[in-house]
>>> print(open('upload.cif').read())   # mmCIF, C-alpha atoms
data_structure
loop_
_atom_site.group_PDB
_atom_site.id
_atom_site.type_symbol
_atom_site.label_atom_id
_atom_site.label_comp_id
_atom_site.auth_asym_id
_atom_site.auth_seq_id
_atom_site.Cartn_x
_atom_site.Cartn_y
_atom_site.Cartn_z
ATOM 1 C CA MET N 1 123.702 36.345 86.745
ATOM 2 C CA CYS N 2 125.337 39.621 87.850
ATOM 3 C CA LEU N 3 123.699 41.555 85.030
ATOM 4 C CA THR N 4 120.308 40.158 85.928
ATOM 5 C CA LEU N 5 120.721 41.137 89.595
ATOM 6 C CA LEU N 6 121.813 44.648 88.725
ATOM 7 C CA VAL N 7 118.843 45.223 86.456
ATOM 8 C CA GLY N 8 116.529 43.937 89.172
ATOM 9 C CA ALA N 9 118.107 46.252 91.735
ATOM 10 C CA CYS N 10 117.638 49.282 89.460
ATOM 11 C CA SER N 11 114.023 48.402 88.841
ATOM 12 C CA LYS N 12 113.380 48.170 92.581
ATOM 13 C CA ALA N 13 115.057 51.514 93.180
ATOM 14 C CA ASN N 14 112.844 53.164 90.573
ATOM 15 C CA ASP N 15 109.750 51.635 92.171
ATOM 16 C CA GLU N 16 110.745 53.150 95.520
ATOM 17 C CA LYS N 17 111.053 56.749 94.311
ATOM 18 C CA ASP N 18 110.608 59.230 97.144
ATOM 19 C CA THR N 19 107.121 60.758 97.151
ATOM 20 C CA GLU N 20 107.015 61.943 100.765
ATOM 21 C CA ARG N 21 106.496 65.672 101.250
ATOM 22 C CA PRO N 22 108.771 67.801 103.395
ATOM 23 C CA LEU N 23 107.199 69.219 106.551
ATOM 24 C CA ILE N 24 107.182 72.855 107.694
ATOM 25 C CA SER N 25 106.674 73.612 111.372
ATOM 26 C CA LEU N 26 106.211 77.389 111.452
ATOM 27 C CA GLN N 27 106.609 78.871 114.920
ATOM 28 C CA SER N 28 106.717 82.550 113.930
ATOM 29 C CA PRO N 29 105.032 84.606 112.619
ATOM 30 C CA GLY N 30 101.486 83.754 113.574
ATOM 31 C CA ASP N 31 98.523 85.829 112.480
ATOM 32 C CA ASP N 32 100.202 88.945 113.873
ATOM 33 C CA SER N 33 99.925 92.733 113.883
ATOM 34 C CA LEU N 34 103.071 94.813 113.433
ATOM 35 C CA ARG N 35 103.937 98.468 113.044
ATOM 36 C CA GLY N 36 106.300 99.847 110.419
ATOM 37 C CA GLY N 37 109.835 99.834 111.801
ATOM 38 C CA ASP N 38 109.319 96.548 113.689
ATOM 39 C CA ASN N 39 111.163 93.320 112.949
ATOM 40 C CA LEU N 40 109.163 90.343 111.719
ATOM 41 C CA GLN N 41 110.779 87.281 113.277
ATOM 42 C CA ILE N 42 110.741 84.174 111.065
ATOM 43 C CA ARG N 43 111.208 80.947 112.989
ATOM 44 C CA ALA N 44 110.572 77.490 111.516
ATOM 45 C CA ILE N 45 111.802 73.908 111.433
ATOM 46 C CA ILE N 46 111.752 72.161 108.034
ATOM 47 C CA THR N 47 112.253 68.389 107.787
ATOM 48 C CA ASP N 48 112.287 65.706 105.081
ATOM 49 C CA ASN N 49 112.682 61.930 105.072
ATOM 50 C CA GLU N 50 115.512 62.088 102.490
ATOM 51 C CA SER N 51 117.005 65.529 101.849
ATOM 52 C CA LEU N 52 115.779 69.110 101.566
ATOM 53 C CA SER N 53 116.448 71.277 98.534
ATOM 54 C CA GLN N 54 115.098 74.812 99.046
ATOM 55 C CA VAL N 55 112.600 77.036 100.810
ATOM 56 C CA LYS N 56 110.798 80.075 99.421
ATOM 57 C CA ILE N 57 109.369 82.778 101.712
ATOM 58 C CA GLU N 58 107.212 85.647 100.468
ATOM 59 C CA ILE N 59 105.363 88.604 101.996
ATOM 60 C CA HIS N 60 102.898 90.533 99.834
ATOM 61 C CA ASP N 61 99.832 92.722 100.270
ATOM 62 C CA ASP N 62 96.220 91.547 100.294
ATOM 63 C CA PHE N 63 94.682 94.806 99.060
ATOM 64 C CA ASP N 64 92.154 93.386 96.549
ATOM 65 C CA GLY N 65 93.826 95.147 93.627
ATOM 66 C CA HIS N 66 93.880 98.595 95.248
ATOM 67 C CA SER N 67 97.168 100.552 95.255
ATOM 68 C CA HIS N 68 96.843 101.912 98.791
ATOM 69 C CA GLY N 69 99.166 104.622 100.007
ATOM 70 C CA LYS N 70 101.042 105.416 96.798
ATOM 71 C CA LYS N 71 100.130 109.110 96.641
ATOM 72 C CA ALA N 72 102.127 109.918 99.777
ATOM 73 C CA GLY N 73 105.078 107.634 99.084
ATOM 74 C CA ALA N 74 103.855 104.772 101.287
ATOM 75 C CA PRO N 75 103.972 101.753 98.994
ATOM 76 C CA ALA N 76 102.842 98.269 99.899
ATOM 77 C CA PHE N 77 105.535 96.217 101.619
ATOM 78 C CA ALA N 78 106.870 93.272 99.613
ATOM 79 C CA TRP N 79 109.666 90.852 100.473
ATOM 80 C CA ASP N 80 110.768 87.433 99.244
ATOM 81 C CA THR N 81 113.716 85.079 99.354
ATOM 82 C CA ILE N 82 114.718 81.625 98.104
ATOM 83 C CA MET N 83 117.193 79.733 100.274
ATOM 84 C CA THR N 84 119.123 76.588 99.334
ATOM 85 C CA LEU N 85 118.806 73.784 101.888
ATOM 86 C CA SER N 86 120.447 70.402 102.472
ATOM 87 C CA GLY N 87 120.120 67.484 104.853
ATOM 88 C CA LYS N 88 117.005 66.163 106.546
ATOM 89 C CA GLU N 89 116.387 69.087 108.900
ATOM 90 C CA THR N 90 116.898 72.838 108.801
ATOM 91 C CA MET N 91 116.045 75.435 111.432
ATOM 92 C CA LEU N 92 115.290 79.014 110.349
ATOM 93 C CA ASP N 93 115.483 81.873 112.840
ATOM 94 C CA PHE N 94 116.033 85.391 111.522
ATOM 95 C CA PRO N 95 114.343 88.828 111.437
ATOM 96 C CA VAL N 96 112.960 90.768 108.493
ATOM 97 C CA ALA N 97 112.871 94.530 108.929
ATOM 98 C CA VAL N 98 109.520 96.095 108.068
ATOM 99 C CA PRO N 99 109.991 99.633 106.636
ATOM 100 C CA GLU N 100 108.430 102.463 108.632
ATOM 101 C CA ASP N 101 106.570 104.176 105.785
ATOM 102 C CA ILE N 102 104.425 101.373 104.363
ATOM 103 C CA ALA N 103 100.809 101.178 103.294
ATOM 104 C CA SER N 104 98.719 99.969 106.214
ATOM 105 C CA GLY N 105 96.545 96.920 105.691
ATOM 106 C CA ARG N 106 96.386 93.140 105.465
ATOM 107 C CA TYR N 107 99.371 91.188 104.150
ATOM 108 C CA HIS N 108 100.049 87.524 103.450
ATOM 109 C CA PHE N 109 103.113 85.639 104.713
ATOM 110 C CA GLN N 110 103.736 82.462 102.693
ATOM 111 C CA MET N 111 106.323 79.676 103.006
ATOM 112 C CA GLN N 112 106.953 76.738 100.671
ATOM 113 C CA ALA N 113 109.663 74.029 100.825
ATOM 114 C CA LEU N 114 110.989 71.539 98.271
ATOM 115 C CA ASP N 115 113.023 68.357 98.664
ATOM 116 C CA VAL N 116 115.623 66.911 96.273
ATOM 117 C CA SER N 117 113.005 64.638 94.694
ATOM 118 C CA GLY N 118 110.808 67.602 93.795
ATOM 119 C CA ASN N 119 108.173 66.985 96.459
ATOM 120 C CA GLU N 120 106.565 70.168 97.780
ATOM 121 C CA ALA N 121 105.604 70.804 101.374
ATOM 122 C CA GLU N 122 102.067 71.841 102.223
ATOM 123 C CA PHE N 123 101.764 75.590 101.689
ATOM 124 C CA VAL N 124 101.947 77.624 104.913
ATOM 125 C CA VAL N 125 100.078 80.962 104.972
ATOM 126 C CA ARG N 126 99.661 83.529 107.746
ATOM 127 C CA THR N 127 97.804 86.853 107.757
ATOM 128 C CA LEU N 128 99.678 89.951 108.934
ATOM 129 C CA VAL N 129 98.191 93.354 109.703
ATOM 130 C CA LEU N 130 100.830 96.052 109.180
ATOM 131 C CA THR N 131 100.392 99.719 110.067
ATOM 132 C CA ASN N 132 102.292 102.784 108.933
ATOM 133 C CA ALA N 133 104.675 104.069 111.613
ATOM 134 C CA PHE N 134 103.899 107.747 110.927
ATOM 135 C CA ASP N 135 100.095 107.629 110.697
ATOM 136 C CA THR N 136 97.792 105.158 112.415
ATOM 137 C CA ILE N 137 94.720 107.399 112.458
ATOM 138 C CA PRO N 138 91.923 106.083 110.210
ATOM 139 C CA PRO N 139 89.848 108.382 107.988
ATOM 140 C CA ILE N 140 86.318 109.315 109.022
ATOM 141 C CA ILE N 141 82.927 108.791 107.339
ATOM 142 C CA SER N 142 80.334 111.077 108.964
ATOM 143 C CA ASN N 143 76.865 112.514 108.352
ATOM 144 C CA LEU N 144 75.894 109.623 106.115
ATOM 145 C CA SER N 145 72.450 109.891 104.579
ATOM 146 C CA THR N 146 70.646 108.223 101.704
ATOM 147 C CA THR N 147 67.619 108.849 99.530
ATOM 148 C CA PRO N 148 65.433 106.862 100.080
ATOM 149 C CA ALA N 149 66.301 107.268 103.767
ATOM 150 C CA ALA N 150 67.170 104.279 105.923
ATOM 151 C CA GLN N 151 64.452 103.096 108.309
ATOM 152 C CA ASN N 152 65.748 101.271 111.392
ATOM 153 C CA GLY N 153 69.088 100.823 109.661
ATOM 154 C CA THR N 154 67.660 99.409 106.418
ATOM 155 C CA ILE N 155 67.295 101.140 103.048
ATOM 156 C CA THR N 156 64.369 99.933 100.937
ATOM 157 C CA VAL N 157 64.382 100.801 97.237
ATOM 158 C CA LYS N 158 62.590 99.505 94.159
ATOM 159 C CA SER N 159 64.429 97.813 91.317
ATOM 160 C CA GLY N 160 65.109 100.344 88.542
ATOM 161 C CA ALA N 161 64.846 103.313 90.928
ATOM 162 C CA THR N 162 67.685 105.616 91.936
ATOM 163 C CA LEU N 163 69.645 105.673 95.186
ATOM 164 C CA SER N 164 71.681 108.653 96.368
ATOM 165 C CA ILE N 165 74.417 108.563 99.008
ATOM 166 C CA MET N 166 75.725 111.642 100.812
ATOM 167 C CA ALA N 167 78.445 111.799 103.457
ATOM 168 C CA ALA N 168 81.332 113.888 104.780
ATOM 169 C CA LEU N 169 84.761 112.277 104.311
ATOM 170 C CA SER N 170 87.875 113.438 106.159
ATOM 171 C CA ASP N 171 91.382 112.439 107.231
ATOM 172 C CA ASN N 172 94.181 113.969 109.279
ATOM 173 C CA LEU N 173 96.734 113.774 106.414
ATOM 174 C CA GLY N 174 95.018 113.033 103.123
ATOM 175 C CA LEU N 175 92.293 110.950 101.505
ATOM 176 C CA GLU N 176 92.991 108.524 98.684
ATOM 177 C CA THR N 177 90.093 106.288 97.630
ATOM 178 C CA LEU N 178 86.437 105.604 98.350
ATOM 179 C CA GLU N 179 84.922 102.300 97.302
ATOM 180 C CA VAL N 180 81.163 101.689 97.229
ATOM 181 C CA LYS N 181 79.913 98.113 96.911
ATOM 182 C CA ILE N 182 76.503 96.457 96.858
ATOM 183 C CA ILE N 183 76.736 92.817 97.913
ATOM 184 C CA ARG N 184 73.999 90.187 97.713
ATOM 185 C CA SER N 185 73.523 88.791 101.223
ATOM 186 C CA SER N 186 72.595 85.236 100.199
ATOM 187 C CA ASN N 187 75.822 84.422 98.327
ATOM 188 C CA GLU N 188 78.102 87.477 98.885
ATOM 189 C CA GLU N 189 78.087 88.250 95.148
ATOM 190 C CA ILE N 190 79.258 91.805 94.397
ATOM 191 C CA VAL N 191 76.661 93.264 92.031
ATOM 192 C CA TYR N 192 77.990 96.848 92.108
ATOM 193 C CA ASP N 193 81.534 98.118 92.672
ATOM 194 C CA PHE N 194 82.488 101.765 92.273
ATOM 195 C CA ASP N 195 85.862 103.404 93.060
ATOM 196 C CA LYS N 196 86.329 107.133 93.430
ATOM 197 C CA GLU N 197 89.766 108.768 93.698
ATOM 198 C CA LEU N 198 90.002 111.461 96.360
ATOM 199 C CA SER N 199 92.445 114.176 97.397
ATOM 200 C CA GLY N 200 92.861 116.641 100.240
ATOM 201 C CA THR N 201 91.902 116.156 103.869
ATOM 202 C CA ALA N 202 88.137 116.685 103.520
ATOM 203 C CA THR N 203 85.482 116.294 100.845
ATOM 204 C CA ASN N 204 81.784 115.590 100.470
ATOM 205 C CA LEU N 205 80.335 112.478 98.879
ATOM 206 C CA ASN N 206 77.247 112.969 96.732
ATOM 207 C CA GLU N 207 76.651 110.013 94.426
ATOM 208 C CA LEU N 208 73.492 109.014 92.565
ATOM 209 C CA PHE N 209 73.119 105.663 90.836
ATOM 210 C CA THR N 210 70.390 103.435 89.458
ATOM 211 C CA ILE N 211 69.439 100.092 90.988
ATOM 212 C CA ASP N 212 69.951 97.748 88.040
ATOM 213 C CA SER N 213 67.029 95.399 87.463
ATOM 214 C CA GLN N 214 69.513 92.613 86.617
ATOM 215 C CA TRP N 215 70.588 92.513 90.269
ATOM 216 C CA GLY N 216 67.212 91.025 91.131
ATOM 217 C CA THR N 217 65.374 91.576 94.402
ATOM 218 C CA GLY N 218 66.054 90.602 97.975
ATOM 219 C CA GLU N 219 68.483 91.509 100.736
ATOM 220 C CA PHE N 220 71.800 93.214 100.031
ATOM 221 C CA VAL N 221 74.529 95.124 101.901
ATOM 222 C CA LEU N 222 75.631 98.626 100.905
ATOM 223 C CA GLU N 223 79.311 98.879 101.867
ATOM 224 C CA LEU N 224 81.466 102.023 101.960
ATOM 225 C CA LEU N 225 85.236 101.690 102.330
ATOM 226 C CA LEU N 226 87.340 104.842 102.770
ATOM 227 C CA ILE N 227 91.153 104.640 102.501
ATOM 228 C CA ASP N 228 93.652 107.362 103.327
ATOM 229 C CA GLU N 229 97.098 108.020 101.832
ATOM 230 C CA LYS N 230 98.830 105.689 104.288
ATOM 231 C CA GLY N 231 96.390 102.839 103.768
ATOM 232 C CA ASN N 232 94.360 103.338 106.950
ATOM 233 C CA ARG N 233 90.709 102.359 106.503
ATOM 234 C CA ALA N 234 87.234 103.235 107.654
ATOM 235 C CA ASP N 235 84.181 101.260 106.597
ATOM 236 C CA MET N 236 80.441 101.507 107.028
ATOM 237 C CA ASP N 237 77.719 99.008 106.117
ATOM 238 C CA LEU N 238 73.974 99.495 105.623
ATOM 239 C CA ASP N 239 71.343 96.847 104.995
ATOM 240 C CA LEU N 240 69.645 97.270 101.621
ATOM 241 C CA VAL N 241 66.407 95.677 100.448
ATOM 242 C CA ILE N 242 65.582 95.798 96.728
ATOM 243 C CA GLU N 243 61.919 95.239 95.899
#
>>> encode(input="upload.cif", output="C-alpha cells")
Amino acid sequence: MCLTLLVGACSKANDEKDTERPLISLQSPGDDSLRGGDNLQIRAIITDNESLSQVKIEIHDDFDGHSHGKKAGAPAFAWDTIMTLSGKETMLDFPVAVPEDIASGRYHFQMQALDVSGNEAEFVVRTLVLTNAFDTIPPIISNLSTTPAAQNGTITVKSGATLSIMAALSDNLGLETLEVKIIRSSNEEIVYDFDKELSGTATNLNELFTIDSQWGTGEFVLELLLIDEKGNRADMDLDLVIE
C-alpha cells in the first residue's frame, strides 16, 4: 500500500511540473538618450511563482553591420552580465558607466531571466541613443545634385540608364563612411547598397551607376547616409521614379 501511494505521489508531482514564466518589470532604462560619460541606471523587479535562477543583461550596438567610429578610437559600446538569482523576487538597482569616447548611434538594451525549472521570461528590449562625449556635431551633406536632375524633389530615370550623384561632404573632425541605398517604396526592399570609405574633413562625392533593369519600375527612395569618425550621422532622401 505504501509503495503504491508513493508511486502515485511521484506521478502527480511530475504532472505538475512548473511551466510558468518568470516576469520582468523593467523600470529603467526606457527608450532613452545618453551621452558618453553618463551612468545608465538599471532598475527592475523580477518575480517567479517558484524560484528564480539567473538574469542576463546585454547592451550592444544596432549599427546594421557598420563599424562606426573605429578610425578615431571610438568603438561601439558593449556590456553584458549574467547574475545568479534565488527566491521568488529580486530587485535590481545599479548603474552602468557609459564610456566617454564611444561611437554615437542606436544601441539595444536587452534583459532575459530564467527560473530553476528552465522557464524563460519574455524578452525585454529597449532602444538607447548614445552620443560621443567629445563630438556631437553631425557631418554635413551639401550642394547635392543629380543627373538627371530632380524635378520638384523627384528624380525620374529610365531603367537601364545611368544616374550620377554629386555632393560636398564635410565634418568638423573626420569623415568615415558614406552609404548610398535605393529602396523600393512599396515593400522597403533594398535593391542597391553601396558603401564608400572616406577620410579627412572634406571631400566631394561624384558617383555614376546604372539603374539595373532587374529592379523593375515604380517608386523608390534614394538614401544617402554619411557617418563621421565618432559615429555621428547625416542623412538625405530623394524620391526616385524608375520608368
>>> resolve_selection(input="upload.cif", expression="the PyMOL selection byres ((chain N and resi 174-177) around 9)", output="ChimeraX atom specification")
/N:66,68-72,139,169-173,178-179,195-203,225-231
>>> closest_residue(input="upload.cif", among="N:Glu188, N:Glu50, N:Asp101, N:Glu120", to="Asp38 (chain N)", atoms="all atoms listed in the file")
N:Asp101
>>> residues_around(input="upload.cif", residues="region 216-223 of chain N", least_positions_apart="2", cutoff="9 Å", atoms="only C-alpha atoms", output="list of chain:residue names")
N:Ile155, N:Lys158, N:Ser159, N:Glu179, N:Val180, N:Lys181, N:Ile182, N:Ile183, N:Arg184, N:Ser185, N:Ser186, N:Glu188, N:Asp212, N:Ser213, N:Gln214, N:Leu225, N:Asp235, N:Met236, N:Asp237, N:Leu238, N:Asp239, N:Leu240, N:Val241, N:Ile242, N:Glu243
>>> closest_residue(input="upload.cif", among="N:Pro95, N:Gly36, N:Gly160, N:Pro75", to="Phe63 (chain N)", atoms="all atoms listed in the file")
N:Pro75
>>> closest_residue(input="upload.cif", among="N:Thr136, N:Thr154, N:Ser53, N:Gln110", to="Val124 (chain N)", atoms="only C-alpha atoms")
N:Gln110
>>> atom_distance(input="upload.cif", atom1="CA of Gln27 (chain N)", atom2="CA of Asn49 (chain N)")
20.5 Å
>>> atom_distance(input="upload.cif", atom1="CA of Met91 (chain N)", atom2="CA of Ala78 (chain N)")
23.3 Å
>>> axis_aligned_box(input="upload.cif", around="region 195-202 of chain N", padding_each_side="6 Å", output="JSON")
{"center_x": 89.4, "center_y": 110.0, "center_z": 98.5, "size_x": 19.0, "size_y": 25.3, "size_z": 22.8}
>>> atom_distance(input="upload.cif", atom1="CA of Ser33 (chain N)", atom2="CA of Val129 (chain N)")
4.6 Å
>>> closest_residue(input="upload.cif", among="N:Ile165, N:Leu224, N:Ile59, N:Ile211", to="Arg126 (chain N)", atoms="all atoms listed in the file")
N:Ile59
>>> resolve_selection(input="upload.cif", expression="the PyMOL selection byres ((chain N and resi 20-24) around 8)", output="PyMOL selection string")
chain N and resi 18-19+25-26+44-49+52+113-115+119-122+124
>>> resolve_selection(input="upload.cif", expression="the PyMOL selection byres ((chain N and resi 79) around 12)", output="list of chain:residue names")
N:Leu40, N:Lys56, N:Ile57, N:Glu58, N:Ile59, N:His60, N:Asp61, N:Ala76, N:Phe77, N:Ala78, N:Asp80, N:Thr81, N:Ile82, N:Val96, N:Ala97, N:Val98, N:Pro99, N:Tyr107, N:His108, N:Phe109, N:Gln110, N:Met111
>>> closest_residue(input="upload.cif", among="N:Leu144, N:Ala168, N:Glu189, N:Ala133", to="Trp215 (chain N)", atoms="all atoms listed in the file")
N:Glu189
>>> closest_residue(input="upload.cif", among="N:Val116, N:Leu128, N:Leu208, N:Ile190", to="Thr84 (chain N)", atoms="all atoms listed in the file")
N:Val116
>>> build_atoms(input="upload.cif", residues="region 159-178 of chain N", atoms="N, CA and C atoms", output="PDB file, in the coordinates of the input")
ATOM      1  N   SER N 159      63.567  98.116  92.455  1.00  0.00           N
ATOM      2  CA  SER N 159      64.429  97.813  91.317  1.00  0.00           C
ATOM      3  C   SER N 159      64.158  98.796  90.179  1.00  0.00           C
ATOM      4  N   GLY N 160      65.220  99.352  89.606  1.00  0.00           N
ATOM      5  CA  GLY N 160      65.109 100.344  88.542  1.00  0.00           C
ATOM      6  C   GLY N 160      65.047 101.767  89.040  1.00  0.00           C
ATOM      7  N   ALA N 161      64.883 101.960  90.348  1.00  0.00           N
ATOM      8  CA  ALA N 161      64.846 103.313  90.928  1.00  0.00           C
ATOM      9  C   ALA N 161      66.265 103.804  91.180  1.00  0.00           C
ATOM     10  N   THR N 162      66.379 105.046  91.647  1.00  0.00           N
ATOM     11  CA  THR N 162      67.685 105.616  91.936  1.00  0.00           C
ATOM     12  C   THR N 162      67.941 105.637  93.442  1.00  0.00           C
ATOM     13  N   LEU N 163      69.211 105.593  93.795  1.00  0.00           N
ATOM     14  CA  LEU N 163      69.645 105.673  95.186  1.00  0.00           C
ATOM     15  C   LEU N 163      70.762 106.703  95.273  1.00  0.00           C
ATOM     16  N   SER N 164      70.621 107.658  96.178  1.00  0.00           N
ATOM     17  CA  SER N 164      71.681 108.653  96.368  1.00  0.00           C
ATOM     18  C   SER N 164      72.325 108.448  97.733  1.00  0.00           C
ATOM     19  N   ILE N 165      73.637 108.700  97.778  1.00  0.00           N
ATOM     20  CA  ILE N 165      74.417 108.563  99.008  1.00  0.00           C
ATOM     21  C   ILE N 165      75.148 109.873  99.244  1.00  0.00           C
ATOM     22  N   MET N 166      75.021 110.410 100.436  1.00  0.00           N
ATOM     23  CA  MET N 166      75.725 111.642 100.812  1.00  0.00           C
ATOM     24  C   MET N 166      76.443 111.418 102.134  1.00  0.00           C
ATOM     25  N   ALA N 167      77.675 111.938 102.231  1.00  0.00           N
ATOM     26  CA  ALA N 167      78.445 111.799 103.457  1.00  0.00           C
ATOM     27  C   ALA N 167      79.587 112.797 103.446  1.00  0.00           C
ATOM     28  N   ALA N 168      80.123 113.080 104.638  1.00  0.00           N
ATOM     29  CA  ALA N 168      81.332 113.888 104.780  1.00  0.00           C
ATOM     30  C   ALA N 168      82.501 112.942 105.007  1.00  0.00           C
ATOM     31  N   LEU N 169      83.577 113.134 104.236  1.00  0.00           N
ATOM     32  CA  LEU N 169      84.761 112.277 104.311  1.00  0.00           C
ATOM     33  C   LEU N 169      85.957 113.122 104.735  1.00  0.00           C
ATOM     34  N   SER N 170      86.745 112.638 105.685  1.00  0.00           N
ATOM     35  CA  SER N 170      87.875 113.438 106.159  1.00  0.00           C
ATOM     36  C   SER N 170      89.007 112.550 106.654  1.00  0.00           C
ATOM     37  N   ASP N 171      90.204 113.137 106.719  1.00  0.00           N
ATOM     38  CA  ASP N 171      91.382 112.439 107.231  1.00  0.00           C
ATOM     39  C   ASP N 171      92.384 113.460 107.757  1.00  0.00           C
ATOM     40  N   ASN N 172      93.220 113.043 108.691  1.00  0.00           N
ATOM     41  CA  ASN N 172      94.181 113.969 109.279  1.00  0.00           C
ATOM     42  C   ASN N 172      95.302 114.355 108.320  1.00  0.00           C
ATOM     43  N   LEU N 173      95.649 113.470 107.355  1.00  0.00           N
ATOM     44  CA  LEU N 173      96.734 113.774 106.414  1.00  0.00           C
ATOM     45  C   LEU N 173      96.252 113.905 104.975  1.00  0.00           C
ATOM     46  N   GLY N 174      95.480 112.961 104.500  1.00  0.00           N
ATOM     47  CA  GLY N 174      95.018 113.033 103.123  1.00  0.00           C
ATOM     48  C   GLY N 174      94.222 111.808 102.725  1.00  0.00           C
ATOM     49  N   LEU N 175      93.139 112.028 101.999  1.00  0.00           N
ATOM     50  CA  LEU N 175      92.293 110.950 101.505  1.00  0.00           C
ATOM     51  C   LEU N 175      92.845 110.399 100.200  1.00  0.00           C
ATOM     52  N   GLU N 176      92.533 109.126  99.933  1.00  0.00           N
ATOM     53  CA  GLU N 176      92.991 108.524  98.684  1.00  0.00           C
ATOM     54  C   GLU N 176      91.868 107.924  97.843  1.00  0.00           C
ATOM     55  N   THR N 177      91.086 107.025  98.419  1.00  0.00           N
ATOM     56  CA  THR N 177      90.093 106.288  97.630  1.00  0.00           C
ATOM     57  C   THR N 177      88.846 106.003  98.453  1.00  0.00           C
ATOM     58  N   LEU N 178      87.683 106.090  97.777  1.00  0.00           N
ATOM     59  CA  LEU N 178      86.437 105.604  98.350  1.00  0.00           C
ATOM     60  C   LEU N 178      85.909 104.504  97.448  1.00  0.00           C
TER      61      LEU N 178
END
